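Source file: coords13.cif. Holds: mmCIF, C-alpha atoms.
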```
data_query
loop_
_atom_site.group_PDB
_atom_site.id
_atom_site.type_symbol
_atom_site.label_atom_id
_atom_site.label_comp_id
_atom_site.auth_asym_id
_atom_site.auth_seq_id
_atom_site.Cartn_x
_atom_site.Cartn_y
_atom_site.Cartn_z
ATOM 1 C CA MET W 1 -1.546 -11.009 12.207
ATOM 2 C CA GLY W 2 1.088 -9.749 9.801
ATOM 3 C CA SER W 3 2.306 -6.185 9.618
ATOM 4 C CA VAL W 4 3.641 -4.113 6.733
ATOM 5 C CA GLU W 5 4.747 -0.602 5.913
ATOM 6 C CA ILE W 6 4.047 1.035 2.554
ATOM 7 C CA VAL W 7 6.736 2.860 0.568
ATOM 8 C CA THR W 8 5.852 4.887 -2.529
ATOM 9 C CA ILE W 9 8.825 5.608 -4.751
ATOM 10 C CA GLY W 10 9.458 8.551 -7.067
ATOM 11 C CA THR W 11 11.087 11.959 -6.923
ATOM 12 C CA GLU W 12 7.983 13.408 -8.582
ATOM 13 C CA ILE W 13 5.995 12.490 -5.454
ATOM 14 C CA LEU W 14 8.428 14.350 -3.197
ATOM 15 C CA LEU W 15 8.334 17.404 -5.466
ATOM 16 C CA GLY W 16 4.549 17.473 -5.396
ATOM 17 C CA HIS W 17 4.274 16.901 -9.146
ATOM 18 C CA LEU W 18 2.425 13.629 -8.619
ATOM 19 C CA ILE W 19 -0.212 12.946 -5.975
ATOM 20 C CA ASP W 20 0.215 9.593 -4.257
ATOM 21 C CA THR W 21 -3.129 7.782 -4.408
ATOM 22 C CA ASN W 22 -1.575 4.315 -4.381
ATOM 23 C CA SER W 23 -0.799 4.156 -0.661
ATOM 24 C CA ALA W 24 -4.358 5.080 0.334
ATOM 25 C CA TYR W 25 -5.773 2.378 -1.934
ATOM 26 C CA ILE W 26 -3.305 -0.225 -0.679
ATOM 27 C CA SER W 27 -4.054 0.693 2.956
ATOM 28 C CA ARG W 28 -7.794 0.227 2.451
ATOM 29 C CA MET W 29 -7.339 -3.109 0.702
ATOM 30 C CA LEU W 30 -4.958 -4.405 3.381
ATOM 31 C CA ALA W 31 -7.288 -3.326 6.198
ATOM 32 C CA ASP W 32 -10.186 -5.059 4.459
ATOM 33 C CA ASN W 33 -8.096 -8.221 4.318
ATOM 34 C CA GLY W 34 -6.745 -8.255 7.864
ATOM 35 C CA VAL W 35 -3.201 -6.975 7.360
ATOM 36 C CA ASP W 36 -1.943 -4.249 9.705
ATOM 37 C CA VAL W 37 -0.283 -1.194 8.160
ATOM 38 C CA TYR W 38 2.221 0.328 10.597
ATOM 39 C CA ALA W 39 3.345 3.335 8.541
ATOM 40 C CA LYS W 40 3.549 4.913 5.088
ATOM 41 C CA HIS W 41 6.587 6.588 3.511
ATOM 42 C CA SER W 42 7.658 8.257 0.273
ATOM 43 C CA VAL W 43 11.213 8.300 -1.042
ATOM 44 C CA GLY W 44 12.831 9.648 -4.192
ATOM 45 C CA ASP W 45 14.617 7.842 -7.003
ATOM 46 C CA ASN W 46 17.798 7.196 -5.033
ATOM 47 C CA ALA W 47 18.886 3.591 -4.561
ATOM 48 C CA GLU W 48 20.971 4.211 -1.437
ATOM 49 C CA ARG W 49 18.230 6.100 0.426
ATOM 50 C CA LEU W 50 15.603 3.583 -0.640
ATOM 51 C CA ALA W 51 17.723 0.645 0.538
ATOM 52 C CA ARG W 52 18.202 2.288 3.949
ATOM 53 C CA MET W 53 14.474 2.990 4.154
ATOM 54 C CA LEU W 54 13.611 -0.641 3.403
ATOM 55 C CA GLU W 55 16.161 -1.962 5.899
ATOM 56 C CA ASP W 56 14.599 0.244 8.583
ATOM 57 C CA VAL W 57 11.086 -0.910 7.650
ATOM 58 C CA LEU W 58 12.082 -4.555 7.956
ATOM 59 C CA GLU W 59 13.381 -3.897 11.466
ATOM 60 C CA ARG W 60 9.846 -2.856 12.524
ATOM 61 C CA ALA W 61 7.442 -4.835 10.350
ATOM 62 C CA ASP W 62 7.130 -8.223 8.696
ATOM 63 C CA GLY W 63 7.351 -6.706 5.253
ATOM 64 C CA ALA W 64 7.368 -3.667 3.014
ATOM 65 C CA ILE W 65 5.062 -2.983 0.072
ATOM 66 C CA THR W 66 6.367 -0.589 -2.563
ATOM 67 C CA THR W 67 5.009 1.001 -5.711
ATOM 68 C CA GLY W 68 7.004 2.696 -8.451
ATOM 69 C CA GLY W 69 10.508 2.539 -9.856
ATOM 70 C CA LEU W 70 10.059 -0.620 -11.961
ATOM 71 C CA GLY W 71 10.178 1.060 -15.373
ATOM 72 C CA PRO W 72 12.870 0.724 -18.064
ATOM 73 C CA THR W 73 14.574 4.102 -17.526
ATOM 74 C CA VAL W 74 17.834 4.901 -15.776
ATOM 75 C CA ASP W 75 16.081 6.394 -12.727
ATOM 76 C CA ASP W 76 14.060 3.204 -12.060
ATOM 77 C CA LEU W 77 16.269 1.874 -9.271
ATOM 78 C CA THR W 78 13.833 -0.026 -7.074
ATOM 79 C CA LYS W 79 15.166 -3.507 -7.876
ATOM 80 C CA ASP W 80 18.765 -2.572 -7.047
ATOM 81 C CA ALA W 81 17.749 -1.119 -3.689
ATOM 82 C CA VAL W 82 15.468 -4.049 -2.829
ATOM 83 C CA ALA W 83 18.121 -6.631 -3.668
ATOM 84 C CA HIS W 84 20.559 -4.824 -1.368
ATOM 85 C CA ALA W 85 17.984 -4.576 1.437
ATOM 86 C CA VAL W 86 17.155 -8.302 1.428
ATOM 87 C CA GLY W 87 20.664 -9.540 0.683
ATOM 88 C CA ASP W 88 19.950 -10.930 -2.767
ATOM 89 C CA THR W 89 21.363 -10.628 -6.277
ATOM 90 C CA LEU W 90 19.654 -9.694 -9.541
ATOM 91 C CA GLU W 91 19.277 -12.076 -12.462
ATOM 92 C CA LEU W 92 17.321 -12.332 -15.686
ATOM 93 C CA HIS W 93 13.901 -13.914 -15.222
ATOM 94 C CA ALA W 94 13.256 -15.637 -18.557
ATOM 95 C CA PRO W 95 9.451 -15.987 -18.265
ATOM 96 C CA SER W 96 9.133 -12.244 -17.577
ATOM 97 C CA LEU W 97 11.336 -11.424 -20.558
ATOM 98 C CA ARG W 98 9.138 -13.583 -22.801
ATOM 99 C CA ALA W 99 6.004 -11.864 -21.487
ATOM 100 C CA ILE W 100 7.503 -8.428 -22.265
ATOM 101 C CA GLU W 101 8.538 -9.522 -25.761
ATOM 102 C CA GLU W 102 5.086 -10.963 -26.443
ATOM 103 C CA ARG W 103 3.414 -7.738 -25.314
ATOM 104 C CA PHE W 104 5.485 -5.655 -27.749
ATOM 105 C CA THR W 105 4.765 -8.127 -30.534
ATOM 106 C CA TYR W 106 1.041 -7.991 -29.767
ATOM 107 C CA PHE W 107 1.011 -4.200 -30.100
ATOM 108 C CA ASN W 108 3.306 -4.370 -33.146
ATOM 109 C CA ARG W 109 5.907 -2.123 -31.536
ATOM 110 C CA PRO W 110 9.694 -2.475 -31.430
ATOM 111 C CA MET W 111 11.177 -3.431 -28.079
ATOM 112 C CA SER W 112 14.209 -1.476 -26.881
ATOM 113 C CA ASP W 113 17.086 -2.923 -24.894
ATOM 114 C CA ASN W 114 15.928 -0.865 -21.912
ATOM 115 C CA ASN W 115 12.771 -2.956 -21.584
ATOM 116 C CA ARG W 116 14.920 -6.046 -21.111
ATOM 117 C CA ARG W 117 16.026 -4.527 -17.797
ATOM 118 C CA GLN W 118 12.482 -4.894 -16.501
ATOM 119 C CA ALA W 119 12.907 -8.687 -16.523
ATOM 120 C CA ILE W 120 15.999 -8.565 -14.280
ATOM 121 C CA LEU W 121 14.706 -9.412 -10.792
ATOM 122 C CA PRO W 122 15.983 -10.587 -7.378
ATOM 123 C CA SER W 123 16.927 -14.255 -7.668
ATOM 124 C CA ARG W 124 14.814 -15.490 -4.725
ATOM 125 C CA ALA W 125 11.759 -13.420 -5.665
ATOM 126 C CA VAL W 126 8.208 -14.636 -6.121
ATOM 127 C CA VAL W 127 7.296 -13.043 -9.462
ATOM 128 C CA MET W 128 3.905 -11.410 -10.007
ATOM 129 C CA PRO W 129 3.125 -11.267 -13.760
ATOM 130 C CA ASN W 130 1.707 -8.018 -15.128
ATOM 131 C CA PRO W 131 -0.828 -8.560 -17.933
ATOM 132 C CA HIS W 132 -1.608 -4.828 -17.940
ATOM 133 C CA GLY W 133 1.923 -3.516 -18.592
ATOM 134 C CA THR W 134 5.547 -4.425 -19.156
ATOM 135 C CA ALA W 135 6.896 -4.265 -15.585
ATOM 136 C CA PRO W 136 6.435 -7.478 -13.575
ATOM 137 C CA GLY W 137 5.945 -7.176 -9.849
ATOM 138 C CA PHE W 138 7.816 -9.357 -7.392
ATOM 139 C CA ILE W 139 8.105 -10.300 -3.736
ATOM 140 C CA ALA W 140 11.757 -10.295 -2.666
ATOM 141 C CA LEU W 141 12.424 -12.625 0.259
ATOM 142 C CA ARG W 142 14.964 -12.188 3.021
ATOM 143 C CA PRO W 143 16.425 -15.416 4.498
ATOM 144 C CA ASP W 144 14.579 -14.808 7.794
ATOM 145 C CA GLY W 145 11.201 -14.704 6.019
ATOM 146 C CA LYS W 146 10.715 -10.961 5.886
ATOM 147 C CA PHE W 147 9.921 -9.555 2.461
ATOM 148 C CA VAL W 148 9.654 -6.559 0.163
ATOM 149 C CA ALA W 149 6.728 -6.712 -2.281
ATOM 150 C CA CYS W 150 7.138 -4.421 -5.286
ATOM 151 C CA MET W 151 4.424 -3.339 -7.716
ATOM 152 C CA PRO W 152 4.299 -0.862 -10.605
ATOM 153 C CA GLY W 153 3.375 2.718 -9.789
ATOM 154 C CA VAL W 154 0.726 2.964 -12.530
ATOM 155 C CA PRO W 155 -2.609 2.467 -10.706
ATOM 156 C CA ARG W 156 -4.271 0.465 -13.494
ATOM 157 C CA GLU W 157 -1.372 -2.004 -13.266
ATOM 158 C CA MET W 158 -0.918 -1.917 -9.506
ATOM 159 C CA LYS W 159 -4.550 -2.443 -8.450
ATOM 160 C CA PRO W 160 -5.218 -5.776 -10.164
ATOM 161 C CA MET W 161 -1.780 -7.042 -9.141
ATOM 162 C CA LEU W 162 -2.530 -6.169 -5.525
ATOM 163 C CA GLU W 163 -6.000 -7.693 -5.510
ATOM 164 C CA GLU W 164 -5.358 -10.806 -7.587
ATOM 165 C CA GLN W 165 -1.820 -11.743 -6.569
ATOM 166 C CA LEU W 166 -0.320 -9.935 -3.584
ATOM 167 C CA ILE W 167 -3.277 -10.052 -1.196
ATOM 168 C CA PRO W 168 -3.832 -13.806 -1.690
ATOM 169 C CA TRP W 169 -0.104 -14.321 -1.087
ATOM 170 C CA LEU W 170 -0.254 -12.234 2.100
ATOM 171 C CA ALA W 171 -3.349 -14.065 3.328
ATOM 172 C CA GLN W 172 -1.580 -17.390 2.940
ATOM 173 C CA ARG W 173 1.683 -16.072 4.350
ATOM 174 C CA PHE W 174 0.111 -14.630 7.493
ATOM 175 C CA GLY W 175 -2.747 -17.117 7.891
ATOM 176 C CA VAL W 176 -5.191 -14.213 7.934
ATOM 177 C CA THR W 177 -8.566 -15.127 9.446
ATOM 178 C CA SER W 178 -9.939 -11.665 10.228
ATOM 179 C CA ALA W 179 -10.395 -8.246 8.696
ATOM 180 C CA ILE W 180 -11.109 -4.707 9.879
ATOM 181 C CA TYR W 181 -14.695 -3.458 9.639
ATOM 182 C CA THR W 182 -15.831 0.088 10.371
ATOM 183 C CA LYS W 183 -18.839 2.214 11.221
ATOM 184 C CA THR W 184 -18.790 6.016 11.131
ATOM 185 C CA LEU W 185 -20.980 8.218 13.327
ATOM 186 C CA HIS W 186 -21.526 11.777 12.057
ATOM 187 C CA THR W 187 -21.867 14.799 14.329
ATOM 188 C CA ILE W 188 -22.429 18.518 13.890
ATOM 189 C CA GLY W 189 -22.596 21.403 16.336
ATOM 190 C CA ILE W 190 -19.947 19.898 18.627
ATOM 191 C CA GLY W 191 -16.348 21.060 18.475
ATOM 192 C CA GLU W 192 -13.599 18.482 18.221
ATOM 193 C CA SER W 193 -12.194 19.289 21.658
ATOM 194 C CA GLU W 194 -15.616 18.994 23.310
ATOM 195 C CA LEU W 195 -16.330 15.699 21.572
ATOM 196 C CA ASP W 196 -12.912 14.462 22.637
ATOM 197 C CA ARG W 197 -13.789 15.318 26.248
ATOM 198 C CA ARG W 198 -16.963 13.265 26.019
ATOM 199 C CA VAL W 199 -15.319 10.127 24.590
ATOM 200 C CA GLU W 200 -11.737 10.359 25.889
ATOM 201 C CA ASP W 201 -12.113 7.398 28.250
ATOM 202 C CA LEU W 202 -13.371 5.190 25.410
ATOM 203 C CA PHE W 203 -10.468 6.232 23.207
ATOM 204 C CA ARG W 204 -7.980 5.304 25.930
ATOM 205 C CA THR W 205 -9.527 2.015 27.070
ATOM 206 C CA LEU W 206 -11.047 0.359 23.994
ATOM 207 C CA GLU W 207 -8.847 -2.144 22.152
ATOM 208 C CA ASN W 208 -11.222 -3.979 19.818
ATOM 209 C CA PRO W 209 -13.220 -2.125 18.657
ATOM 210 C CA LYS W 210 -11.161 1.060 18.631
ATOM 211 C CA ILE W 211 -12.405 4.573 17.933
ATOM 212 C CA ALA W 212 -10.919 7.571 16.139
ATOM 213 C CA MET W 213 -12.108 11.096 15.325
ATOM 214 C CA LEU W 214 -11.889 13.028 12.082
ATOM 215 C CA ALA W 215 -12.759 16.733 11.847
ATOM 216 C CA HIS W 216 -13.719 18.075 8.414
ATOM 217 C CA GLY W 217 -16.072 20.602 6.869
ATOM 218 C CA GLY W 218 -17.371 21.953 10.175
ATOM 219 C CA ARG W 219 -18.270 18.460 11.367
ATOM 220 C CA VAL W 220 -16.586 15.737 13.383
ATOM 221 C CA ASP W 221 -16.911 12.041 12.565
ATOM 222 C CA VAL W 222 -16.305 9.250 15.053
ATOM 223 C CA LYS W 223 -15.084 6.053 13.411
ATOM 224 C CA ILE W 224 -15.453 2.675 15.139
ATOM 225 C CA MET W 225 -13.074 -0.033 13.897
ATOM 226 C CA ALA W 226 -13.459 -3.707 14.780
ATOM 227 C CA LYS W 227 -11.231 -6.617 13.830
ATOM 228 C CA ALA W 228 -13.331 -9.725 13.318
ATOM 229 C CA ALA W 229 -13.758 -12.848 11.198
ATOM 230 C CA ASN W 230 -16.765 -11.439 9.310
ATOM 231 C CA ARG W 231 -19.142 -8.479 9.056
ATOM 232 C CA GLU W 232 -21.737 -10.029 11.362
ATOM 233 C CA ALA W 233 -19.227 -10.597 14.153
ATOM 234 C CA ALA W 234 -17.876 -7.075 13.729
ATOM 235 C CA ASP W 235 -21.361 -5.545 13.850
ATOM 236 C CA ALA W 236 -22.021 -7.347 17.132
ATOM 237 C CA MET W 237 -18.824 -5.862 18.571
ATOM 238 C CA ILE W 238 -19.503 -2.381 17.195
ATOM 239 C CA ALA W 239 -23.172 -2.086 18.240
ATOM 240 C CA PRO W 240 -22.729 -1.487 22.010
ATOM 241 C CA VAL W 241 -19.907 1.004 21.407
ATOM 242 C CA ALA W 242 -22.037 2.868 18.860
ATOM 243 C CA THR W 243 -24.923 3.040 21.345
ATOM 244 C CA THR W 244 -22.656 4.481 24.034
ATOM 245 C CA LEU W 245 -21.214 7.027 21.607
ATOM 246 C CA ARG W 246 -24.650 8.204 20.464
ATOM 247 C CA GLU W 247 -25.602 8.761 24.099
ATOM 248 C CA ARG W 248 -22.399 10.714 24.738
ATOM 249 C CA ILE W 249 -22.776 12.798 21.570
ATOM 250 C CA GLY W 250 -26.415 13.681 22.253
ATOM 251 C CA ALA W 251 -28.363 15.944 19.903
ATOM 252 C CA GLY W 252 -25.318 16.627 17.733
ATOM 253 C CA TYR W 253 -25.459 13.116 16.246
ATOM 254 C CA PHE W 254 -27.222 13.006 12.865
ATOM 255 C CA GLY W 255 -26.500 9.600 11.323
ATOM 256 C CA ASP W 256 -24.165 6.765 10.407
ATOM 257 C CA ASP W 257 -21.921 5.956 7.428
ATOM 258 C CA ALA W 258 -23.466 7.268 4.180
ATOM 259 C CA THR W 259 -26.105 9.411 5.918
ATOM 260 C CA THR W 260 -25.932 13.100 5.023
ATOM 261 C CA ILE W 261 -27.421 16.071 6.881
ATOM 262 C CA GLY W 262 -30.158 16.268 4.261
ATOM 263 C CA GLY W 263 -30.901 12.584 4.667
ATOM 264 C CA ALA W 264 -30.893 12.482 8.465
ATOM 265 C CA ARG W 265 -33.931 10.914 10.131
ATOM 266 C CA PRO W 266 -36.315 13.525 11.593
ATOM 267 C CA THR W 267 -36.453 13.690 15.377
ATOM 268 C CA GLY W 268 -38.357 16.890 15.967
ATOM 269 C CA SER W 269 -40.644 19.527 14.502
ATOM 270 C CA SER W 270 -37.784 21.051 12.547
ATOM 271 C CA GLY W 271 -37.703 17.976 10.284
ATOM 272 C CA CYS W 272 -34.142 16.937 11.077
ATOM 273 C CA ILE W 273 -31.801 16.094 13.902
ATOM 274 C CA VAL W 274 -30.316 19.309 15.272
ATOM 275 C CA SER W 275 -28.686 20.448 18.458
ATOM 276 C CA THR W 276 -30.437 23.501 19.850
ATOM 277 C CA THR W 277 -27.051 24.846 20.854
ATOM 278 C CA LEU W 278 -26.110 24.987 17.177
ATOM 279 C CA VAL W 279 -28.719 27.672 16.565
ATOM 280 C CA SER W 280 -29.201 29.355 19.911
ATOM 281 C CA GLY W 281 -25.930 28.957 21.769
ATOM 282 C CA SER W 282 -22.293 27.951 21.667
ATOM 283 C CA PRO W 283 -21.299 24.730 23.452
ATOM 284 C CA VAL W 284 -17.881 24.263 24.962
ATOM 285 C CA GLY W 285 -15.353 23.512 22.235
ATOM 286 C CA TRP W 286 -17.488 25.070 19.485
ATOM 287 C CA ASN W 287 -15.382 26.649 16.761
ATOM 288 C CA PRO W 288 -17.491 29.202 14.866
ATOM 289 C CA SER W 289 -15.011 29.835 12.065
ATOM 290 C CA ALA W 290 -14.571 26.142 11.325
ATOM 291 C CA SER W 291 -18.267 25.352 11.437
ATOM 292 C CA LEU W 292 -19.902 28.457 9.938
ATOM 293 C CA ILE W 293 -20.525 26.908 6.526
ATOM 294 C CA ALA W 294 -21.964 23.687 7.936
ATOM 295 C CA ALA W 295 -24.146 25.578 10.398
ATOM 296 C CA SER W 296 -25.481 27.848 7.660
ATOM 297 C CA LYS W 297 -26.381 24.864 5.497
ATOM 298 C CA LEU W 298 -28.125 23.166 8.400
ATOM 299 C CA ILE W 299 -30.161 26.260 9.261
ATOM 300 C CA LEU W 300 -31.178 26.602 5.607
ATOM 301 C CA TYR W 301 -32.220 22.973 5.620
ATOM 302 C CA ILE W 302 -34.376 23.521 8.704
ATOM 303 C CA GLN W 303 -36.068 26.473 7.041
ATOM 304 C CA ASN W 304 -36.732 24.499 3.868
ATOM 305 C CA SER W 305 -38.057 21.567 5.884
ATOM 306 C CA ARG W 306 -40.522 23.831 7.673
ATOM 307 C CA ALA W 307 -41.625 25.372 4.399
ATOM 308 C CA ARG W 308 -42.261 21.941 2.902
ATOM 309 C CA SER W 309 -44.142 20.899 6.012
ATOM 310 C CA LYS W 310 -46.481 23.919 5.714
ATOM 311 C CA VAL W 311 -47.194 23.147 2.073
ATOM 312 C CA SER W 312 -47.921 19.481 2.720
ATOM 313 C CA ASN W 313 -50.270 20.325 5.622
ATOM 314 C CA SER W 314 -52.235 22.997 3.755
ATOM 315 C CA PRO W 315 -55.835 22.097 2.756
ATOM 316 C CA PRO W 316 -56.353 21.496 -0.965
ATOM 317 C CA ALA W 317 -57.573 24.507 -2.986
#
```

Would you write out, as structure tokens, the structure that this file holds?
Amino acid sequence: MGSVEIVTIGTEILLGHLIDTNSAYISRMLADNGVDVYAKHSVGDNAERLARMLEDVLERADGAITTGGLGPTVDDLTKDAVAHAVGDTLELHAPSLRAIEERFTYFNRPMSDNNRRQAILPSRAVVMPNPHGTAPGFIALRPDGKFVACMPGVPREMKPMLEEQLIPWLAQRFGVTSAIYTKTLHTIGIGESELDRRVEDLFRTLENPKIAMLAHGGRVDVKIMAKAANREAADAMIAPVATTLRERIGAGYFGDDATTIGGARPTGSSGCIVSTTLVSGSPVGWNPSASLIAASKLILYIQNSRARSKVSNSPPA
């Protein structure tokens, strides 16, 4: 299976003026299509630093995927850095120039000389046309087969290019026959350190599926990730691990995936799944400050559930 690292480009990202949502989207799409992401990076609009970054990435992974720096302005330096990193030269790509000219004509706008620069690409590149903007994407190839795939930073241009052009190219390049599928188990009333104690051996020994934990909002999720040819095969791999985890978690487990506390299946007279230690005691690893809000909401839910139960069981007037 192929491996890549993601590089988002732009000084505005480093300054915190722009939030990078591209790398998260690309990571999800690559995981869904069986491509391993080794790391993610951000670098400013500096050709020398970007070239060094890409050279380092290509020492570790099969390729790099970048977004940003393909515009017509003087600080759009991605192509120069990429050409240096893969040992290529830049040249005018006539079909891309025609596409840019046609786009300006369509919108009845004058085209500046700067936009012509967007059609100057690495000579060995596989070009990815951009029907949603002026900047074409491209896949720059190194002689040994490693590559740098570059897409625009504008999400509405990047997303269709990724889905319709880059991912099919990667699938063919790597001969991808599997993807990563996940299931998430939700817990409450168990601190992260205590949950880690209960599942540590699984974390250390499992290879496929693997598990990971994510603490947020007073809760801890356990994610199971399986690499398989299809959803059915993945579910068969995930099922026994999920069963073991539910047993280890105990009463603190309240559902899978999209299940919320309010939508958890009832398991007792309270009307929802709840660990008695959440209300009456403090288990090992419990963090009151981190879980106070979630605990309060759960207790309120229990009270409301009981009130509804009394109303529904009352004889008609």

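Within the file as shown, the PyMOL selection byres ((chain W and resi 96) around 10) identifies Leu92, His93, Ala94, Pro95, Leu97, Arg98, Ala99, Ile100, Glu101, Glu102, Arg116, Gln118, Ala119, Ile120, Leu121, Val127, Met128, Pro129, Asn130, Thr134, Ala135, Pro136 and Gly137 of chain W.
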
* To do: Tell me which residues the PyMOL selection byres ((chain W and resi 256) around 7) grabs here, as a PyMOL selection string.
  => chain W and resi 184-186+255+257-259

* Starting from the displayed file, determine the output of the PyMOL selection byres ((chain W and resi 51) around 12) and express the residue list as a VMD selection string. => chain W and resid 7 9 43 to 50 52 to 58 64 66 77 to 87 148

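With all atoms listed in the file as the atoms that count, the residue of W:Thr244, W:Ser123, W:Thr11, W:Thr73 with the shortest distance to W:Glu91 is W:Ser123.
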
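When only C-alpha atoms are used to measure the gap to W:Arg28, the shortest distance among W:Arg173, W:Arg60, W:Arg246, W:Lys159 belongs to W:Lys159.
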
* Structure fact -> If you count all atoms listed in the file, the residue of W:Ala234, W:Leu90, W:Arg109, W:Phe104 closest to W:Pro122 turns out to be W:Leu90

* Near W:Phe147, within 7 Å and counting all atoms listed in the file, which residues show up once chain neighbours fewer than 4 positions away are dropped, as a list in words? -> Asp62, Gly63, Ala64, Ile139, Ala140, Leu141 and Arg142 of chain W
